[in-house]
Every structure is written in structure tokens, then in C-alpha cells.
>>> print(open('run05.cif').read())   # mmCIF, N, CA and C atoms
data_coords
loop_
_atom_site.label_atom_id
_atom_site.label_comp_id
_atom_site.auth_asym_id
_atom_site.auth_seq_id
_atom_site.Cartn_x
_atom_site.Cartn_y
_atom_site.Cartn_z
N MET A 1 -81.30 146.80 93.06
CA MET A 1 -81.59 148.22 92.94
C MET A 1 -83.10 148.38 92.85
N HIS A 2 -83.66 149.26 93.65
CA HIS A 2 -85.10 149.53 93.67
C HIS A 2 -85.47 150.35 92.43
N ALA A 3 -86.71 150.23 92.02
CA ALA A 3 -87.19 150.96 90.83
C ALA A 3 -86.90 152.46 90.93
N PHE A 4 -87.06 153.03 92.11
CA PHE A 4 -86.84 154.46 92.24
C PHE A 4 -85.36 154.83 92.24
N ASP A 5 -84.50 153.88 92.55
CA ASP A 5 -83.06 154.12 92.38
C ASP A 5 -82.75 154.25 90.90
N VAL A 6 -83.36 153.40 90.09
CA VAL A 6 -83.17 153.47 88.65
C VAL A 6 -83.74 154.77 88.11
N LEU A 7 -84.97 155.09 88.53
CA LEU A 7 -85.66 156.29 88.03
C LEU A 7 -85.10 157.59 88.61
N GLY A 8 -84.30 157.48 89.65
CA GLY A 8 -83.75 158.67 90.29
C GLY A 8 -82.75 159.42 89.43
N ASP A 9 -82.24 158.78 88.42
CA ASP A 9 -81.25 159.41 87.55
C ASP A 9 -81.94 160.13 86.40
N PRO A 10 -81.67 161.43 86.22
CA PRO A 10 -82.36 162.18 85.16
C PRO A 10 -82.07 161.67 83.75
N VAL A 11 -80.89 161.11 83.54
CA VAL A 11 -80.57 160.58 82.21
C VAL A 11 -81.45 159.37 81.91
N ARG A 12 -81.58 158.48 82.89
CA ARG A 12 -82.42 157.30 82.67
C ARG A 12 -83.88 157.69 82.51
N ARG A 13 -84.34 158.68 83.27
CA ARG A 13 -85.73 159.13 83.09
C ARG A 13 -85.93 159.68 81.69
N ARG A 14 -84.95 160.43 81.18
CA ARG A 14 -85.07 161.00 79.83
C ARG A 14 -85.07 159.90 78.78
N ILE A 15 -84.24 158.89 78.98
CA ILE A 15 -84.22 157.77 78.04
C ILE A 15 -85.60 157.11 78.01
N LEU A 16 -86.19 156.89 79.17
CA LEU A 16 -87.53 156.30 79.21
C LEU A 16 -88.56 157.18 78.51
N GLU A 17 -88.43 158.50 78.68
CA GLU A 17 -89.33 159.41 77.98
C GLU A 17 -89.20 159.23 76.47
N LEU A 18 -87.98 159.09 75.99
CA LEU A 18 -87.76 158.88 74.56
C LEU A 18 -88.37 157.56 74.10
N LEU A 19 -88.18 156.52 74.91
CA LEU A 19 -88.68 155.20 74.54
C LEU A 19 -90.20 155.12 74.66
N ALA A 20 -90.80 155.96 75.47
CA ALA A 20 -92.26 155.95 75.62
C ALA A 20 -92.94 156.30 74.30
N GLY A 21 -92.24 156.99 73.42
CA GLY A 21 -92.78 157.33 72.11
C GLY A 21 -92.73 156.17 71.13
N GLY A 22 -92.12 155.07 71.52
CA GLY A 22 -92.01 153.90 70.65
C GLY A 22 -90.57 153.42 70.58
N GLU A 23 -90.41 152.28 69.99
CA GLU A 23 -89.09 151.67 69.86
C GLU A 23 -88.11 152.62 69.17
N GLN A 24 -86.88 152.69 69.71
CA GLN A 24 -85.86 153.60 69.20
C GLN A 24 -84.54 152.88 69.01
N PRO A 25 -83.84 153.20 67.91
CA PRO A 25 -82.49 152.65 67.76
C PRO A 25 -81.55 153.24 68.82
N ALA A 26 -80.62 152.44 69.28
CA ALA A 26 -79.67 152.89 70.30
C ALA A 26 -78.94 154.15 69.85
N GLY A 27 -78.60 154.24 68.57
CA GLY A 27 -77.89 155.41 68.05
C GLY A 27 -78.67 156.69 68.20
N GLU A 28 -79.99 156.62 67.96
CA GLU A 28 -80.82 157.82 68.10
C GLU A 28 -80.96 158.23 69.56
N VAL A 29 -81.14 157.24 70.43
CA VAL A 29 -81.21 157.53 71.87
C VAL A 29 -79.90 158.18 72.31
N SER A 30 -78.79 157.59 71.90
CA SER A 30 -77.48 158.13 72.28
C SER A 30 -77.30 159.55 71.79
N ALA A 31 -77.70 159.83 70.56
CA ALA A 31 -77.52 161.17 70.00
C ALA A 31 -78.28 162.21 70.82
N VAL A 32 -79.52 161.90 71.18
CA VAL A 32 -80.31 162.85 71.96
C VAL A 32 -79.69 163.05 73.34
N ILE A 33 -79.34 161.96 74.00
CA ILE A 33 -78.80 162.04 75.36
C ILE A 33 -77.44 162.75 75.35
N GLN A 34 -76.61 162.45 74.36
CA GLN A 34 -75.31 163.14 74.26
C GLN A 34 -75.52 164.64 74.10
N ARG A 35 -76.47 165.02 73.25
CA ARG A 35 -76.72 166.44 73.01
C ARG A 35 -77.29 167.12 74.26
N GLU A 36 -78.22 166.48 74.93
CA GLU A 36 -78.89 167.10 76.07
C GLU A 36 -78.08 167.07 77.36
N PHE A 37 -77.28 166.01 77.55
CA PHE A 37 -76.57 165.85 78.82
C PHE A 37 -75.06 165.93 78.69
N GLY A 38 -74.57 165.90 77.46
CA GLY A 38 -73.13 166.00 77.25
C GLY A 38 -72.34 164.79 77.74
N ILE A 39 -72.95 163.62 77.71
CA ILE A 39 -72.21 162.43 78.12
C ILE A 39 -71.85 161.61 76.88
N SER A 40 -70.87 160.76 77.03
CA SER A 40 -70.35 159.98 75.90
C SER A 40 -71.30 158.84 75.53
N GLN A 41 -71.08 158.28 74.35
CA GLN A 41 -71.86 157.12 73.91
C GLN A 41 -71.70 155.95 74.87
N PRO A 42 -70.47 155.64 75.35
CA PRO A 42 -70.35 154.56 76.33
C PRO A 42 -71.14 154.85 77.61
N GLY A 43 -71.21 156.12 78.00
CA GLY A 43 -72.00 156.48 79.18
C GLY A 43 -73.49 156.22 78.96
N VAL A 44 -73.97 156.57 77.76
CA VAL A 44 -75.37 156.30 77.42
C VAL A 44 -75.62 154.79 77.42
N SER A 45 -74.68 154.04 76.88
CA SER A 45 -74.81 152.58 76.85
C SER A 45 -74.93 152.01 78.26
N GLN A 46 -74.20 152.57 79.20
CA GLN A 46 -74.29 152.11 80.59
C GLN A 46 -75.69 152.36 81.15
N HIS A 47 -76.25 153.53 80.86
CA HIS A 47 -77.61 153.82 81.33
C HIS A 47 -78.62 152.87 80.70
N LEU A 48 -78.45 152.58 79.41
CA LEU A 48 -79.35 151.63 78.74
C LEU A 48 -79.22 150.24 79.37
N ARG A 49 -78.01 149.86 79.73
CA ARG A 49 -77.79 148.57 80.37
C ARG A 49 -78.52 148.51 81.71
N VAL A 50 -78.41 149.57 82.51
CA VAL A 50 -79.10 149.60 83.81
C VAL A 50 -80.61 149.47 83.60
N LEU A 51 -81.14 150.18 82.62
CA LEU A 51 -82.58 150.10 82.34
C LEU A 51 -82.97 148.68 81.93
N ARG A 52 -82.16 148.04 81.11
CA ARG A 52 -82.43 146.66 80.70
C ARG A 52 -82.37 145.70 81.88
N GLU A 53 -81.31 145.80 82.65
CA GLU A 53 -81.09 144.85 83.75
C GLU A 53 -82.13 144.96 84.86
N HIS A 54 -82.79 146.10 84.94
CA HIS A 54 -83.77 146.30 86.02
C HIS A 54 -85.21 146.33 85.51
N GLY A 55 -85.41 145.85 84.30
CA GLY A 55 -86.76 145.66 83.79
C GLY A 55 -87.47 146.89 83.28
N PHE A 56 -86.73 147.93 82.90
CA PHE A 56 -87.36 149.14 82.38
C PHE A 56 -87.27 149.24 80.86
N ALA A 57 -86.39 148.48 80.25
CA ALA A 57 -86.22 148.55 78.80
C ALA A 57 -85.91 147.17 78.25
N THR A 58 -86.31 146.97 77.02
CA THR A 58 -85.96 145.75 76.29
C THR A 58 -85.12 146.15 75.09
N VAL A 59 -84.38 145.20 74.57
CA VAL A 59 -83.58 145.45 73.38
C VAL A 59 -83.74 144.27 72.45
N ARG A 60 -83.77 144.56 71.16
CA ARG A 60 -83.78 143.50 70.17
C ARG A 60 -82.86 143.92 69.03
N ALA A 61 -82.23 142.91 68.47
CA ALA A 61 -81.31 143.16 67.36
C ALA A 61 -82.10 143.18 66.06
N GLN A 62 -81.72 144.12 65.21
CA GLN A 62 -82.24 144.17 63.84
C GLN A 62 -81.04 144.44 62.95
N GLY A 63 -80.47 143.37 62.44
CA GLY A 63 -79.21 143.50 61.71
C GLY A 63 -78.14 143.96 62.67
N THR A 64 -77.49 145.07 62.34
CA THR A 64 -76.44 145.61 63.20
C THR A 64 -76.99 146.62 64.21
N ARG A 65 -78.27 146.94 64.09
CA ARG A 65 -78.87 147.92 65.01
C ARG A 65 -79.45 147.25 66.24
N ARG A 66 -79.49 147.99 67.33
CA ARG A 66 -80.13 147.56 68.56
C ARG A 66 -81.31 148.50 68.79
N LEU A 67 -82.50 147.91 68.88
CA LEU A 67 -83.71 148.70 69.07
C LEU A 67 -84.19 148.55 70.51
N TYR A 68 -84.39 149.68 71.16
CA TYR A 68 -84.82 149.69 72.55
C TYR A 68 -86.27 150.10 72.64
N ALA A 69 -86.96 149.53 73.65
CA ALA A 69 -88.35 149.85 73.91
C ALA A 69 -88.58 149.81 75.42
N VAL A 70 -89.67 150.41 75.86
CA VAL A 70 -90.03 150.38 77.28
C VAL A 70 -90.48 148.97 77.64
N ASP A 71 -90.00 148.50 78.78
CA ASP A 71 -90.46 147.25 79.38
C ASP A 71 -91.27 147.65 80.61
N PRO A 72 -92.54 147.31 80.68
CA PRO A 72 -93.37 147.76 81.80
C PRO A 72 -93.06 147.09 83.14
N THR A 73 -92.21 146.08 83.16
CA THR A 73 -91.93 145.35 84.40
C THR A 73 -91.43 146.28 85.50
N GLY A 74 -90.43 147.07 85.22
CA GLY A 74 -89.88 147.98 86.23
C GLY A 74 -90.87 149.05 86.63
N LEU A 75 -91.66 149.50 85.68
CA LEU A 75 -92.67 150.51 85.97
C LEU A 75 -93.75 149.95 86.90
N ARG A 76 -94.05 148.67 86.74
CA ARG A 76 -95.03 148.04 87.65
C ARG A 76 -94.53 148.04 89.08
N GLU A 77 -93.22 147.82 89.26
CA GLU A 77 -92.65 147.84 90.62
C GLU A 77 -92.85 149.23 91.24
N ALA A 78 -92.59 150.27 90.47
CA ALA A 78 -92.78 151.63 90.97
C ALA A 78 -94.25 151.88 91.24
N ASP A 79 -95.12 151.43 90.36
CA ASP A 79 -96.56 151.61 90.52
C ASP A 79 -97.07 150.91 91.78
N THR A 80 -96.57 149.71 92.02
CA THR A 80 -96.97 148.96 93.22
C THR A 80 -96.56 149.72 94.47
N TRP A 81 -95.36 150.25 94.48
CA TRP A 81 -94.89 151.01 95.64
C TRP A 81 -95.75 152.25 95.86
N LEU A 82 -96.16 152.90 94.77
CA LEU A 82 -96.96 154.12 94.87
C LEU A 82 -98.39 153.86 95.34
N GLU A 83 -98.85 152.63 95.25
CA GLU A 83 -100.24 152.29 95.57
C GLU A 83 -100.68 152.85 96.92
N ASP A 84 -99.85 152.74 97.94
CA ASP A 84 -100.20 153.23 99.27
C ASP A 84 -100.35 154.75 99.33
N PHE A 85 -99.84 155.44 98.34
CA PHE A 85 -99.85 156.90 98.37
C PHE A 85 -100.92 157.51 97.46
N ARG A 86 -101.55 156.69 96.64
CA ARG A 86 -102.56 157.20 95.71
C ARG A 86 -103.70 157.91 96.43
N ARG A 87 -103.98 157.50 97.65
CA ARG A 87 -105.08 158.11 98.41
C ARG A 87 -104.87 159.61 98.62
N PHE A 88 -103.63 160.06 98.49
CA PHE A 88 -103.34 161.47 98.69
C PHE A 88 -103.72 162.31 97.48
N TRP A 89 -103.70 161.72 96.28
CA TRP A 89 -104.03 162.53 95.11
C TRP A 89 -105.22 162.03 94.30
N ALA A 90 -105.58 160.76 94.42
CA ALA A 90 -106.67 160.23 93.60
C ALA A 90 -108.00 160.94 93.84
N PRO A 91 -108.41 161.20 95.09
CA PRO A 91 -109.69 161.89 95.27
C PRO A 91 -109.68 163.31 94.67
N ARG A 92 -108.53 163.97 94.74
CA ARG A 92 -108.44 165.32 94.17
C ARG A 92 -108.55 165.28 92.64
N LEU A 93 -107.93 164.28 92.04
CA LEU A 93 -108.03 164.13 90.59
C LEU A 93 -109.46 163.77 90.18
N ASP A 94 -110.12 162.93 90.97
CA ASP A 94 -111.51 162.59 90.69
C ASP A 94 -112.39 163.83 90.80
N ALA A 95 -112.14 164.66 91.82
CA ALA A 95 -112.92 165.88 91.99
C ALA A 95 -112.67 166.84 90.83
N LEU A 96 -111.44 166.93 90.39
CA LEU A 96 -111.11 167.78 89.25
C LEU A 96 -111.84 167.31 88.00
N ALA A 97 -111.84 166.01 87.76
CA ALA A 97 -112.54 165.46 86.59
C ALA A 97 -114.03 165.77 86.66
N THR A 98 -114.61 165.69 87.86
CA THR A 98 -116.03 166.03 88.04
C THR A 98 -116.28 167.49 87.71
N GLU A 99 -115.41 168.38 88.18
CA GLU A 99 -115.59 169.81 87.91
C GLU A 99 -115.42 170.14 86.43
N VAL A 100 -114.48 169.49 85.78
CA VAL A 100 -114.29 169.72 84.34
C VAL A 100 -115.53 169.26 83.58
N ALA A 101 -116.05 168.10 83.93
CA ALA A 101 -117.26 167.59 83.27
C ALA A 101 -118.44 168.51 83.55
N ARG A 102 -118.56 169.01 84.77
CA ARG A 102 -119.65 169.92 85.13
C ARG A 102 -119.55 171.20 84.31
N GLY A 103 -118.34 171.73 84.16
CA GLY A 103 -118.15 172.95 83.37
C GLY A 103 -118.51 172.74 81.91
N LYS A 104 -118.13 171.61 81.35
CA LYS A 104 -118.47 171.30 79.96
C LYS A 104 -119.98 171.20 79.79
N ARG A 105 -120.62 170.55 80.74
CA ARG A 105 -122.08 170.40 80.69
C ARG A 105 -122.75 171.76 80.76
N GLU A 106 -122.30 172.61 81.66
CA GLU A 106 -122.88 173.96 81.79
C GLU A 106 -122.73 174.76 80.50
N ARG A 107 -121.57 174.69 79.89
CA ARG A 107 -121.35 175.42 78.63
C ARG A 107 -122.26 174.89 77.54
N ARG A 108 -122.42 173.57 77.51
CA ARG A 108 -123.28 172.96 76.51
C ARG A 108 -124.74 173.40 76.71
N LEU A 109 -125.18 173.41 77.96
CA LEU A 109 -126.57 173.76 78.26
C LEU A 109 -126.87 175.24 78.03
N HIS A 110 -125.89 176.07 78.26
CA HIS A 110 -126.11 177.52 78.15
C HIS A 110 -125.57 178.12 76.86
N GLY A 111 -125.10 177.26 75.98
CA GLY A 111 -124.69 177.72 74.66
C GLY A 111 -123.39 178.51 74.62
N ALA A 112 -122.63 178.49 75.67
CA ALA A 112 -121.35 179.21 75.67
C ALA A 112 -120.37 178.47 74.76
N PRO A 113 -119.49 179.22 74.11
CA PRO A 113 -118.49 178.55 73.26
C PRO A 113 -117.57 177.68 74.11
N PRO A 114 -117.12 176.55 73.57
CA PRO A 114 -116.24 175.66 74.34
C PRO A 114 -114.92 176.35 74.67
N ALA A 115 -114.40 176.00 75.81
CA ALA A 115 -113.09 176.54 76.22
C ALA A 115 -112.01 175.93 75.35
N PRO A 116 -110.91 176.66 75.13
CA PRO A 116 -109.83 176.15 74.27
C PRO A 116 -109.14 174.94 74.84
#
>>> encode(input="run05.cif", output="C-alpha cells")
Amino acid sequence: MHAFDVLGDPVRRRILELLAGGEQPAGEVSAVIQREFGISQPGVSQHLRVLREHGFATVRAQGTRRLYAVDPTGLREADTWLEDFRRFWAPRLDALATEVARGKRERRLHGAPPAP
């Protein structure tokens, strides 16, 4: 399964968003996903298994709990694939950063209050 096949599922993307905040017990991940998507605990477990098997999540036992965290391996595969496409947005982001810095400099030089 390709990285984007794994990431193509909104439930798995949401699980990764939750794990991006730090290691999470399986029960907490399941509770959020069940509430947001209305799927069963076994269904959430299947999504966690797919994430583990394809290098997007790790699990470690702590007593009877299972703690999940992001594994960057799968994300690197997606990042590598995206490399050929960065040329479409990287220059625009660089230009935006330049304009933001220029605006901050102008405000500083002219004494205008900083933007919120």
C-alpha cells in the first residue's frame, strides 16, 4: 500500500493528527474517533493497525495500555513522492515569507503598531 493510500482515509488522517500532539493511549484515540466518525472500537483498532503496518505509527505497551505515537517512516515516503512537486509551491511560499518580513521591517522603521 502506498503512503497516499494510507493517508487517503480521513479516519487515519485524523488519527495521525491526534498522534502529532504526542503519544496517546489507544483508548483515548478510540474515544475521539468513535465520537467524531461513529465507528466502533474494533474499527478504530483496524485503522491503527494499518498505520502501524505501513510505518505511520508505533505502539508500545505500558502495563495493560497501548500507547501510540507518530512514526515518521511513512511520512518520509509521502515527502519523497512530493519532492517533484515542491517547485509548484516553494517559490510562492518563499515570496510570501519575503513579503511578510518586508512588511514587518516597514512597520518597525515607520513606527506603526505591529499587526495582530
>>> residues_around(input="run05.cif", residues="stretch 11-28 of chain A", least_positions_apart="5", cutoff="6 Å", atoms="only N, CA and C atoms", output="NGL selection string")
:A and (66-70)
>>> atom_distance(input="run05.cif", atom1="atom CA of A:Arg65", atom2="atom CA of A:Arg52")
16.1 Å
>>> closest_residue(input="run05.cif", among="A:Thr58, A:Thr98, A:Thr80, A:Ser30", to="A:His2", atoms="only C-alpha atoms")
A:Thr80
>>> atom_distance(input="run05.cif", atom1="atom CA of A:Arg60", atom2="atom CA of A:Ile39")
23.6 Å
>>> atom_distance(input="run05.cif", atom1="atom CA of A:Gln46", atom2="atom N of A:Glu83")
28.6 Å
>>> select_by_dssp(input="run05.cif", residues="chain A", states="strand (DSSP E)", output="PDB file with N, CA and C atoms, in the coordinates of the input")
ATOM      1  N   GLN A  24     -86.880 152.690  69.710  1.00  0.00           N
ATOM      2  CA  GLN A  24     -85.860 153.600  69.200  1.00  0.00           C
ATOM      3  C   GLN A  24     -84.540 152.880  69.010  1.00  0.00           C
ATOM      4  N   PRO A  25     -83.840 153.200  67.910  1.00  0.00           N
ATOM      5  CA  PRO A  25     -82.490 152.650  67.760  1.00  0.00           C
ATOM      6  C   PRO A  25     -81.550 153.240  68.820  1.00  0.00           C
ATOM      7  N   ALA A  57     -86.390 148.480  80.250  1.00  0.00           N
ATOM      8  CA  ALA A  57     -86.220 148.550  78.800  1.00  0.00           C
ATOM      9  C   ALA A  57     -85.910 147.170  78.250  1.00  0.00           C
ATOM     10  N   THR A  58     -86.310 146.970  77.020  1.00  0.00           N
ATOM     11  CA  THR A  58     -85.960 145.750  76.290  1.00  0.00           C
ATOM     12  C   THR A  58     -85.120 146.150  75.090  1.00  0.00           C
ATOM     13  N   VAL A  59     -84.380 145.200  74.570  1.00  0.00           N
ATOM     14  CA  VAL A  59     -83.580 145.450  73.380  1.00  0.00           C
ATOM     15  C   VAL A  59     -83.740 144.270  72.450  1.00  0.00           C
ATOM     16  N   ARG A  60     -83.770 144.560  71.160  1.00  0.00           N
ATOM     17  CA  ARG A  60     -83.780 143.500  70.170  1.00  0.00           C
ATOM     18  C   ARG A  60     -82.860 143.920  69.030  1.00  0.00           C
ATOM     19  N   ALA A  61     -82.230 142.910  68.470  1.00  0.00           N
ATOM     20  CA  ALA A  61     -81.310 143.160  67.360  1.00  0.00           C
ATOM     21  C   ALA A  61     -82.100 143.180  66.060  1.00  0.00           C
ATOM     22  N   GLN A  62     -81.720 144.120  65.210  1.00  0.00           N
ATOM     23  CA  GLN A  62     -82.240 144.170  63.840  1.00  0.00           C
ATOM     24  C   GLN A  62     -81.040 144.440  62.950  1.00  0.00           C
ATOM     25  N   ARG A  65     -78.270 146.940  64.090  1.00  0.00           N
ATOM     26  CA  ARG A  65     -78.870 147.920  65.010  1.00  0.00           C
ATOM     27  C   ARG A  65     -79.450 147.250  66.240  1.00  0.00           C
ATOM     28  N   ARG A  66     -79.490 147.990  67.330  1.00  0.00           N
ATOM     29  CA  ARG A  66     -80.130 147.560  68.560  1.00  0.00           C
ATOM     30  C   ARG A  66     -81.310 148.500  68.790  1.00  0.00           C
ATOM     31  N   LEU A  67     -82.500 147.910  68.880  1.00  0.00           N
ATOM     32  CA  LEU A  67     -83.710 148.700  69.070  1.00  0.00           C
ATOM     33  C   LEU A  67     -84.190 148.550  70.510  1.00  0.00           C
ATOM     34  N   TYR A  68     -84.390 149.680  71.160  1.00  0.00           N
ATOM     35  CA  TYR A  68     -84.820 149.690  72.550  1.00  0.00           C
ATOM     36  C   TYR A  68     -86.270 150.100  72.640  1.00  0.00           C
ATOM     37  N   ALA A  69     -86.960 149.530  73.650  1.00  0.00           N
ATOM     38  CA  ALA A  69     -88.350 149.850  73.910  1.00  0.00           C
ATOM     39  C   ALA A  69     -88.580 149.810  75.420  1.00  0.00           C
ATOM     40  N   VAL A  70     -89.670 150.410  75.860  1.00  0.00           N
ATOM     41  CA  VAL A  70     -90.030 150.380  77.280  1.00  0.00           C
ATOM     42  C   VAL A  70     -90.480 148.970  77.640  1.00  0.00           C
TER      43      VAL A  70
END
>>> select_by_dssp(input="run05.cif", residues="chain A", states="alpha helix (DSSP H)", output="ChimeraX atom specification")
/A:3-7,10-20,26-37,41-53,72-82,90-110
>>> axis_aligned_box(input="run05.cif", around="stretch 34-40 of chain A", padding_each_side="3 Å", output="JSON")
{"center_x": -74.6, "center_y": 163.0, "center_z": 75.9, "size_x": 14.5, "size_y": 14.3, "size_z": 11.8}
